[in-house]
>>> print(open('protein08.pdb').read())   # PDB, C-alpha atoms
ATOM      1  CA  MET A   1      57.776 119.334  84.563
ATOM      2  CA  SER A   2      55.887 118.204  81.479
ATOM      3  CA  LEU A   3      54.712 120.871  79.042
ATOM      4  CA  ASN A   4      51.338 119.137  79.097
ATOM      5  CA  ARG A   5      50.924 119.482  82.885
ATOM      6  CA  TYR A   6      48.773 122.304  84.211
ATOM      7  CA  ARG A   7      47.986 123.556  87.693
ATOM      8  CA  PHE A   8      45.104 125.960  88.170
ATOM      9  CA  ARG A   9      43.785 127.748  91.241
ATOM     10  CA  SER A  10      40.776 130.031  91.482
ATOM     11  CA  VAL A  11      39.392 131.746  94.572
ATOM     12  CA  TRP A  12      35.810 132.999  94.574
ATOM     13  CA  HIS A  13      33.451 134.527  97.129
ATOM     14  CA  VAL A  14      29.676 134.147  96.872
ATOM     15  CA  ASP A  15      26.863 135.524  99.020
ATOM     16  CA  ALA A  16      25.390 132.148  99.895
ATOM     17  CA  SER A  17      25.666 129.594 102.666
ATOM     18  CA  PRO A  18      28.306 126.867 102.506
ATOM     19  CA  ALA A  19      25.475 124.288 102.533
ATOM     20  CA  ASP A  20      23.860 125.802  99.418
ATOM     21  CA  VAL A  21      27.210 126.061  97.650
ATOM     22  CA  TYR A  22      28.086 122.468  98.514
ATOM     23  CA  GLU A  23      24.709 121.260  97.250
ATOM     24  CA  VAL A  24      25.186 122.932  93.853
ATOM     25  CA  LEU A  25      28.848 121.975  93.390
ATOM     26  CA  SER A  26      28.382 118.344  94.435
ATOM     27  CA  ASP A  27      25.654 117.817  91.791
ATOM     28  CA  ILE A  28      27.863 117.378  88.734
ATOM     29  CA  ALA A  29      24.967 116.176  86.565
ATOM     30  CA  ASN A  30      23.416 119.672  86.736
ATOM     31  CA  TYR A  31      26.544 121.690  85.907
ATOM     32  CA  PRO A  32      25.354 122.406  82.323
ATOM     33  CA  LEU A  33      22.293 124.194  83.744
ATOM     34  CA  TRP A  34      24.439 126.951  85.233
ATOM     35  CA  TRP A  35      27.989 126.529  83.883
ATOM     36  CA  HIS A  36      27.547 127.081  80.155
ATOM     37  CA  GLU A  37      31.049 125.934  79.242
ATOM     38  CA  VAL A  38      30.089 122.503  80.594
ATOM     39  CA  ARG A  39      28.125 121.519  77.503
ATOM     40  CA  ARG A  40      26.977 118.091  78.644
ATOM     41  CA  ALA A  41      27.021 116.024  81.823
ATOM     42  CA  THR A  42      26.163 112.351  81.850
ATOM     43  CA  LYS A  43      25.702 110.523  85.131
ATOM     44  CA  ILE A  44      27.370 107.124  85.035
ATOM     45  CA  ASP A  45      26.686 106.111  88.654
ATOM     46  CA  ASP A  46      26.421 107.784  92.078
ATOM     47  CA  GLU A  47      30.141 108.587  92.128
ATOM     48  CA  THR A  48      31.000 109.008  88.450
ATOM     49  CA  GLY A  49      29.966 111.191  85.550
ATOM     50  CA  GLU A  50      31.251 112.382  82.204
ATOM     51  CA  LEU A  51      31.568 116.059  81.298
ATOM     52  CA  ARG A  52      31.955 117.590  77.848
ATOM     53  CA  CYS A  53      33.449 121.089  78.154
ATOM     54  CA  ARG A  54      34.196 123.849  75.674
ATOM     55  CA  SER A  55      35.184 127.453  76.259
ATOM     56  CA  PHE A  56      36.305 129.853  73.493
ATOM     57  CA  LEU A  57      38.762 127.538  71.686
ATOM     58  CA  PRO A  58      37.182 125.272  69.040
ATOM     59  CA  PHE A  59      37.625 121.921  70.757
ATOM     60  CA  ASP A  60      35.822 119.876  73.379
ATOM     61  CA  LEU A  61      37.379 118.199  76.368
ATOM     62  CA  VAL A  62      35.652 115.019  77.505
ATOM     63  CA  VAL A  63      36.481 114.056  81.056
ATOM     64  CA  GLN A  64      35.280 111.299  83.337
ATOM     65  CA  VAL A  65      34.848 112.670  86.852
ATOM     66  CA  LYS A  66      34.854 110.318  89.847
ATOM     67  CA  HIS A  67      34.223 111.648  93.343
ATOM     68  CA  SER A  68      37.101 110.711  95.648
ATOM     69  CA  ILE A  69      36.142 112.991  98.549
ATOM     70  CA  ARG A  70      32.666 114.286  99.378
ATOM     71  CA  ASN A  71      32.690 115.722 102.880
ATOM     72  CA  GLN A  72      30.142 118.454 103.492
ATOM     73  CA  GLN A  73      31.196 118.916 107.140
ATOM     74  CA  ALA A  74      34.769 119.661 106.078
ATOM     75  CA  GLY A  75      33.620 121.609 103.005
ATOM     76  CA  LEU A  76      35.610 119.414 100.634
ATOM     77  CA  LEU A  77      34.839 118.028  97.207
ATOM     78  CA  ARG A  78      37.505 116.276  95.185
ATOM     79  CA  ALA A  79      37.323 114.232  92.016
ATOM     80  CA  THR A  80      39.773 112.260  89.971
ATOM     81  CA  LEU A  81      39.713 113.071  86.271
ATOM     82  CA  SER A  82      40.393 110.783  83.340
ATOM     83  CA  GLY A  83      39.920 111.026  79.603
ATOM     84  CA  ASP A  84      41.229 114.108  77.780
ATOM     85  CA  LEU A  85      42.613 115.288  81.140
ATOM     86  CA  GLU A  86      44.189 113.066  83.810
ATOM     87  CA  GLY A  87      44.512 114.303  87.374
ATOM     88  CA  TYR A  88      42.220 115.869  89.938
ATOM     89  CA  ALA A  89      39.990 118.837  90.643
ATOM     90  CA  SER A  90      38.873 119.965  94.081
ATOM     91  CA  TRP A  91      36.701 122.547  95.792
ATOM     92  CA  GLU A  92      37.251 123.815  99.310
ATOM     93  CA  ILE A  93      34.108 125.518 100.617
ATOM     94  CA  ILE A  94      34.654 127.896 103.555
ATOM     95  CA  GLY A  95      31.991 129.967 105.315
ATOM     96  CA  ARG A  96      33.154 133.587 105.726
ATOM     97  CA  ASP A  97      31.554 137.000 106.288
ATOM     98  CA  GLY A  98      27.994 135.750 105.856
ATOM     99  CA  GLY A  99      28.897 134.095 102.571
ATOM    100  CA  THR A 100      31.241 131.449 101.265
ATOM    101  CA  ASP A 101      34.792 131.414  99.946
ATOM    102  CA  LEU A 102      35.528 128.750  97.369
ATOM    103  CA  VAL A 103      38.990 127.563  96.458
ATOM    104  CA  PHE A 104      39.213 125.555  93.246
ATOM    105  CA  ASP A 105      42.398 123.576  92.635
ATOM    106  CA  GLN A 106      43.111 121.477  89.588
ATOM    107  CA  GLU A 107      46.216 119.622  88.535
ATOM    108  CA  VAL A 108      46.042 117.762  85.249
ATOM    109  CA  VAL A 109      48.023 116.344  82.391
ATOM    110  CA  VAL A 110      46.491 116.808  78.960
ATOM    111  CA  THR A 111      46.125 113.493  77.143
ATOM    112  CA  LYS A 112      44.085 114.642  74.121
ATOM    113  CA  PRO A 113      46.507 114.048  71.204
ATOM    114  CA  LEU A 114      45.720 117.258  69.279
ATOM    115  CA  LEU A 115      46.323 119.443  72.326
ATOM    116  CA  ARG A 116      49.528 117.636  73.190
ATOM    117  CA  ARG A 117      50.863 118.320  69.684
ATOM    118  CA  LEU A 118      49.948 122.026  69.872
ATOM    119  CA  VAL A 119      51.325 122.691  73.361
ATOM    120  CA  LEU A 120      54.464 124.587  72.288
ATOM    121  CA  ILE A 121      52.530 127.265  70.429
ATOM    122  CA  ALA A 122      49.164 127.124  72.181
ATOM    123  CA  LYS A 123      49.868 126.802  75.931
ATOM    124  CA  PRO A 124      49.009 130.482  76.647
ATOM    125  CA  PHE A 125      45.739 130.040  74.748
ATOM    126  CA  PHE A 126      44.936 126.903  76.765
ATOM    127  CA  ARG A 127      45.442 128.885  79.989
ATOM    128  CA  GLY A 128      43.246 131.713  78.667
ATOM    129  CA  ASN A 129      40.608 129.182  77.659
ATOM    130  CA  HIS A 130      40.613 127.795  81.201
ATOM    131  CA  ASP A 131      40.397 131.294  82.711
ATOM    132  CA  MET A 132      37.388 132.103  80.540
ATOM    133  CA  MET A 133      35.725 128.839  81.550
ATOM    134  CA  MET A 134      36.243 129.656  85.225
ATOM    135  CA  ARG A 135      34.781 133.158  84.794
ATOM    136  CA  GLY A 136      31.715 131.570  83.213
ATOM    137  CA  GLY A 137      31.449 129.098  86.076
ATOM    138  CA  PHE A 138      31.700 131.849  88.692
ATOM    139  CA  LYS A 139      29.010 133.915  86.981
ATOM    140  CA  GLY A 140      26.701 130.917  86.596
ATOM    141  CA  LEU A 141      27.229 129.763  90.170
ATOM    142  CA  LYS A 142      26.345 133.207  91.523
ATOM    143  CA  GLN A 143      23.175 133.241  89.411
ATOM    144  CA  VAL A 144      21.996 129.781  90.482
ATOM    145  CA  LEU A 145      22.660 130.587  94.140
ATOM    146  CA  GLU A 146      20.772 133.899  93.859
ATOM    147  CA  ALA A 147      17.810 132.083  92.274
ATOM    148  CA  LYS A 148      17.921 129.475  95.049
ATOM    149  CA  ALA A 149      17.827 132.213  97.721
ATOM    150  CA  ALA A 150      15.017 134.088  95.918
ATOM    151  CA  SER A 151      12.878 130.939  95.695
ATOM    152  CA  ARG A 152      13.192 130.440  99.457
ATOM    153  CA  GLU A 153      12.101 134.063 100.085
ATOM    154  CA  SER A 154       8.963 133.810  97.983
TER     155      SER A 154
END
>>> encode(input="protein08.pdb", output="structure tokens")
Amino acid sequence: MSLNRYRFRSVWHVDASPADVYEVLSDIANYPLWWHEVRRATKIDDETGELRCRSFLPFDLVVQVKHSIRNQQAGLLRATLSGDLEGYASWEIIGRDGGTDLVFDQEVVVTKPLLRRLVLIAKPFFRGNHDMMMRGGFKGLKQVLEAKAASRES
């Protein structure tokens, strides 16, 4: 296995319907509004966008994201990634206990030259950086879903 290959998995639960969760997660262009580590999102076309991400480490990752699966009925979102990361990221959205479980899976190879050169000393920091980004995403997702529910109630 390459030192520059990473596999990540996060499992979250939110108090929102699968339909609301799917709506938010499938709209990549609006990620910066609620996921602060996603600094910029540029829509390229209906299936493709570009994300600029930064967590606590002082570097940006720029990734082109292309939807490969968008199936609301099955609760699946999957995108191929290219740019500073090559691979895929996916969300499985599962209704449970009046809310929704989300399973995020990502498998990537880092292609950004600086990060490839630093891998031997910095791999634990890269993993920590990813963990912090995911915590920020979870917090932001909960907030946007709560605001969505509150706006319906008013």
>>> resolve_selection(input="protein08.pdb", expression="the PyMOL selection byres ((chain A and resi 12-15) around 10)", output="PyMOL selection string")
chain A and resi 10-11+16-18+21+93-104+134-135+138-139+141-143+145-146+149
>>> atom_distance(input="protein08.pdb", atom1="CA of Val24 in chain A", atom2="CA of Glu37 in chain A")
16.0 Å
>>> residues_around(input="protein08.pdb", residues="Tyr31 in chain A", least_positions_apart="2", cutoff="12 Å", atoms="all atoms listed in the file", output="ChimeraX atom specification")
/A:23-29,33-43,49-53,136-138,140-141,144
>>> closest_residue(input="protein08.pdb", among="A:Val63, A:Leu120, A:Leu57, A:Ala19", to="Val108 in chain A", atoms="only C-alpha atoms")
A:Val63
>>> closest_residue(input="protein08.pdb", among="A:Ile121, A:Leu114, A:Gln106, A:Trp91", to="Ala74 in chain A", atoms="all atoms listed in the file")
A:Trp91
>>> resolve_selection(input="protein08.pdb", expression="the PyMOL selection byres ((chain A and resi 125-130) around 10)", output="list in words")
Tyr6, Arg7, Phe8, Glu37, Arg54, Ser55, Phe56, Leu57, Leu115, Leu118, Val119, Ile121, Ala122, Lys123, Pro124, Asp131, Met132, Met133, Met134, Arg135 and Gly136 of chain A
>>> closest_residue(input="protein08.pdb", among="A:Leu61, A:Ala89, A:Ile44, A:Leu76", to="Pro113 in chain A", atoms="all atoms listed in the file")
A:Leu61
>>> residues_around(input="protein08.pdb", residues="Tyr88 in chain A", least_positions_apart="4", cutoff="12 Å", atoms="all atoms listed in the file", output="list of chain:residue names")
A:Arg5, A:Tyr6, A:Arg7, A:Phe8, A:Val63, A:Gln64, A:Val65, A:Lys66, A:His67, A:Ser68, A:Ile69, A:Leu77, A:Arg78, A:Ala79, A:Thr80, A:Leu81, A:Ser82, A:Gly83, A:Phe104, A:Asp105, A:Gln106, A:Glu107, A:Val108, A:Val109, A:Val110
>>> atom_distance(input="protein08.pdb", atom1="CA of Asp84 in chain A", atom2="CA of Arg116 in chain A")
10.1 Å
>>> atom_distance(input="protein08.pdb", atom1="CA of Ser90 in chain A", atom2="CA of Pro58 in chain A")
25.7 Å
>>> axis_aligned_box(input="protein08.pdb", around="range 32-41 of chain A", padding_each_side="8 Å", output="lines of an AutoDock Vina configuration file")
center_x = 26.7
center_y = 121.6
center_z = 81.4
size_x = 24.8
size_y = 27.1
size_z = 23.7
>>> closest_residue(input="protein08.pdb", among="A:Asn30, A:Ser154, A:Thr111, A:Asn71", to="Leu3 in chain A", atoms="only C-alpha atoms")
A:Thr111
>>> closest_residue(input="protein08.pdb", among="A:Lys148, A:Lys112, A:Asn4, A:Arg9", to="Phe59 in chain A", atoms="all atoms listed in the file")
A:Lys112
>>> decode(input="protein08.pdb", residues="range 15-151 of chain A", atoms="C-alpha atoms", output="mmCIF file, in the first residue's frame")
data_model
loop_
_atom_site.group_PDB
_atom_site.id
_atom_site.type_symbol
_atom_site.label_atom_id
_atom_site.label_comp_id
_atom_site.auth_asym_id
_atom_site.auth_seq_id
_atom_site.Cartn_x
_atom_site.Cartn_y
_atom_site.Cartn_z
ATOM 1 C CA ASP A 15 -32.028 14.586 13.719
ATOM 2 C CA ALA A 16 -33.328 15.257 10.228
ATOM 3 C CA SER A 17 -35.070 13.359 7.463
ATOM 4 C CA PRO A 18 -33.046 11.468 4.863
ATOM 5 C CA ALA A 19 -34.613 13.711 2.184
ATOM 6 C CA ASP A 20 -33.354 16.890 3.889
ATOM 7 C CA VAL A 21 -29.906 15.390 4.424
ATOM 8 C CA TYR A 22 -29.704 14.247 0.808
ATOM 9 C CA GLU A 23 -30.738 17.695 -0.420
ATOM 10 C CA VAL A 24 -27.961 19.421 1.547
ATOM 11 C CA LEU A 25 -25.219 16.886 0.775
ATOM 12 C CA SER A 26 -25.996 16.674 -2.947
ATOM 13 C CA ASP A 27 -25.615 20.468 -3.356
ATOM 14 C CA ILE A 28 -21.826 20.682 -3.452
ATOM 15 C CA ALA A 29 -21.859 24.323 -4.579
ATOM 16 C CA ASN A 30 -23.277 25.343 -1.173
ATOM 17 C CA TYR A 31 -20.853 23.387 1.027
ATOM 18 C CA PRO A 32 -18.892 26.548 1.993
ATOM 19 C CA LEU A 33 -22.071 27.995 3.536
ATOM 20 C CA TRP A 34 -22.122 25.328 6.240
ATOM 21 C CA TRP A 35 -18.812 23.426 6.070
ATOM 22 C CA HIS A 36 -16.256 26.100 6.914
ATOM 23 C CA GLU A 37 -13.249 23.976 5.984
ATOM 24 C CA VAL A 38 -14.592 23.950 2.418
ATOM 25 C CA ARG A 39 -13.346 27.443 1.620
ATOM 26 C CA ARG A 40 -14.643 27.695 -1.933
ATOM 27 C CA ALA A 41 -16.889 25.710 -4.255
ATOM 28 C CA THR A 42 -17.121 26.443 -7.948
ATOM 29 C CA LYS A 43 -19.784 24.781 -10.060
ATOM 30 C CA ILE A 44 -18.360 23.620 -13.372
ATOM 31 C CA ASP A 45 -21.497 21.901 -14.710
ATOM 32 C CA ASP A 46 -24.461 19.917 -13.340
ATOM 33 C CA GLU A 47 -22.237 16.976 -12.401
ATOM 34 C CA THR A 48 -18.891 18.609 -11.641
ATOM 35 C CA GLY A 49 -17.492 21.187 -9.265
ATOM 36 C CA GLU A 50 -14.204 22.264 -7.750
ATOM 37 C CA LEU A 51 -13.632 22.504 -4.000
ATOM 38 C CA ARG A 52 -10.858 24.336 -2.173
ATOM 39 C CA CYS A 53 -10.469 22.904 1.343
ATOM 40 C CA ARG A 54 -8.328 23.819 4.327
ATOM 41 C CA SER A 55 -8.483 22.602 7.905
ATOM 42 C CA PHE A 56 -5.854 23.415 10.569
ATOM 43 C CA LEU A 57 -2.708 22.691 8.511
ATOM 44 C CA PRO A 58 -1.452 25.634 6.414
ATOM 45 C CA PHE A 59 -2.202 24.286 2.951
ATOM 46 C CA ASP A 60 -5.179 24.087 0.626
ATOM 47 C CA LEU A 61 -6.363 21.035 -1.233
ATOM 48 C CA VAL A 62 -8.043 21.735 -4.562
ATOM 49 C CA VAL A 63 -10.183 18.881 -5.785
ATOM 50 C CA GLN A 64 -12.454 18.444 -8.767
ATOM 51 C CA VAL A 65 -15.567 16.539 -7.713
ATOM 52 C CA LYS A 66 -17.668 14.705 -10.305
ATOM 53 C CA HIS A 67 -20.887 12.969 -9.296
ATOM 54 C CA SER A 68 -20.780 9.304 -10.311
ATOM 55 C CA ILE A 69 -23.828 8.175 -8.320
ATOM 56 C CA ARG A 70 -26.767 10.327 -7.234
ATOM 57 C CA ASN A 71 -29.588 8.076 -6.096
ATOM 58 C CA GLN A 72 -31.905 9.610 -3.525
ATOM 59 C CA GLN A 73 -34.106 6.488 -3.329
ATOM 60 C CA ALA A 74 -31.109 4.361 -2.361
ATOM 61 C CA GLY A 75 -29.627 7.142 -0.209
ATOM 62 C CA LEU A 76 -26.349 7.133 -2.119
ATOM 63 C CA LEU A 77 -24.059 9.918 -3.243
ATOM 64 C CA ARG A 78 -20.665 9.156 -4.715
ATOM 65 C CA ALA A 79 -18.146 11.334 -6.493
ATOM 66 C CA THR A 80 -14.851 10.760 -8.191
ATOM 67 C CA LEU A 81 -12.099 13.112 -7.077
ATOM 68 C CA SER A 82 -9.202 14.477 -9.084
ATOM 69 C CA GLY A 83 -6.630 17.188 -8.548
ATOM 70 C CA ASP A 84 -4.674 17.246 -5.276
ATOM 71 C CA LEU A 85 -6.509 14.032 -4.329
ATOM 72 C CA GLU A 86 -7.387 11.179 -6.703
ATOM 73 C CA GLY A 87 -10.050 8.660 -5.757
ATOM 74 C CA TYR A 88 -13.612 8.796 -4.500
ATOM 75 C CA ALA A 89 -15.822 10.020 -1.689
ATOM 76 C CA SER A 90 -19.282 8.702 -0.897
ATOM 77 C CA TRP A 91 -22.199 9.258 1.447
ATOM 78 C CA GLU A 92 -24.687 6.591 2.437
ATOM 79 C CA ILE A 93 -27.823 8.174 3.902
ATOM 80 C CA ILE A 94 -29.964 5.850 6.046
ATOM 81 C CA GLY A 95 -33.182 6.767 7.858
ATOM 82 C CA ARG A 96 -33.093 5.523 11.473
ATOM 83 C CA ASP A 97 -34.836 6.338 14.763
ATOM 84 C CA GLY A 98 -36.625 9.405 13.416
ATOM 85 C CA GLY A 99 -33.370 10.805 12.078
ATOM 86 C CA THR A 100 -30.653 9.862 9.643
ATOM 87 C CA ASP A 101 -27.401 7.931 9.856
ATOM 88 C CA LEU A 102 -24.708 9.039 7.447
ATOM 89 C CA VAL A 103 -21.725 6.946 6.475
ATOM 90 C CA PHE A 104 -18.922 8.837 4.752
ATOM 91 C CA ASP A 105 -16.273 6.789 2.956
ATOM 92 C CA GLN A 106 -13.282 8.197 1.148
ATOM 93 C CA GLU A 107 -10.354 6.485 -0.491
ATOM 94 C CA VAL A 108 -7.755 8.729 -2.076
ATOM 95 C CA VAL A 109 -4.175 9.017 -3.173
ATOM 96 C CA VAL A 110 -2.525 12.353 -2.483
ATOM 97 C CA THR A 111 -1.053 13.854 -5.647
ATOM 98 C CA LYS A 112 -0.099 17.313 -4.328
ATOM 99 C CA PRO A 113 3.730 17.276 -4.582
ATOM 100 C CA LEU A 114 4.438 19.026 -1.256
ATOM 101 C CA LEU A 115 2.265 16.593 0.689
ATOM 102 C CA ARG A 116 3.770 13.599 -1.059
ATOM 103 C CA ARG A 117 7.258 14.749 -0.033
ATOM 104 C CA LEU A 118 6.208 15.258 3.606
ATOM 105 C CA VAL A 119 4.314 11.980 4.030
ATOM 106 C CA LEU A 120 6.945 10.171 6.129
ATOM 107 C CA ILE A 121 6.930 12.783 8.876
ATOM 108 C CA ALA A 122 3.475 14.302 8.459
ATOM 109 C CA LYS A 123 1.046 11.405 7.852
ATOM 110 C CA PRO A 124 -0.376 11.540 11.423
ATOM 111 C CA PHE A 125 -0.920 15.286 11.016
ATOM 112 C CA PHE A 126 -2.704 14.714 7.692
ATOM 113 C CA ARG A 127 -5.057 12.249 9.416
ATOM 114 C CA GLY A 128 -5.665 14.724 12.258
ATOM 115 C CA ASN A 129 -6.316 17.465 9.720
ATOM 116 C CA HIS A 130 -8.928 15.267 8.043
ATOM 117 C CA ASP A 131 -10.543 14.408 11.393
ATOM 118 C CA MET A 132 -10.826 18.093 12.263
ATOM 119 C CA MET A 133 -12.359 18.825 8.864
ATOM 120 C CA MET A 134 -14.948 16.094 9.391
ATOM 121 C CA ARG A 135 -15.846 17.423 12.858
ATOM 122 C CA GLY A 136 -16.405 20.836 11.290
ATOM 123 C CA GLY A 137 -18.566 19.300 8.579
ATOM 124 C CA PHE A 138 -20.678 17.398 11.109
ATOM 125 C CA LYS A 139 -21.227 20.518 13.206
ATOM 126 C CA GLY A 140 -22.111 22.623 10.163
ATOM 127 C CA LEU A 141 -24.440 19.992 8.736
ATOM 128 C CA LYS A 142 -26.349 19.751 12.018
ATOM 129 C CA GLN A 143 -26.708 23.543 12.106
ATOM 130 C CA VAL A 144 -27.967 23.865 8.526
ATOM 131 C CA LEU A 145 -30.452 21.032 9.048
ATOM 132 C CA GLU A 146 -31.715 22.602 12.296
ATOM 133 C CA ALA A 147 -32.186 25.942 10.506
ATOM 134 C CA LYS A 148 -34.030 24.170 7.682
ATOM 135 C CA ALA A 149 -36.399 22.502 10.182
ATOM 136 C CA ALA A 150 -36.937 25.778 12.091
ATOM 137 C CA SER A 151 -37.825 27.653 8.891
#
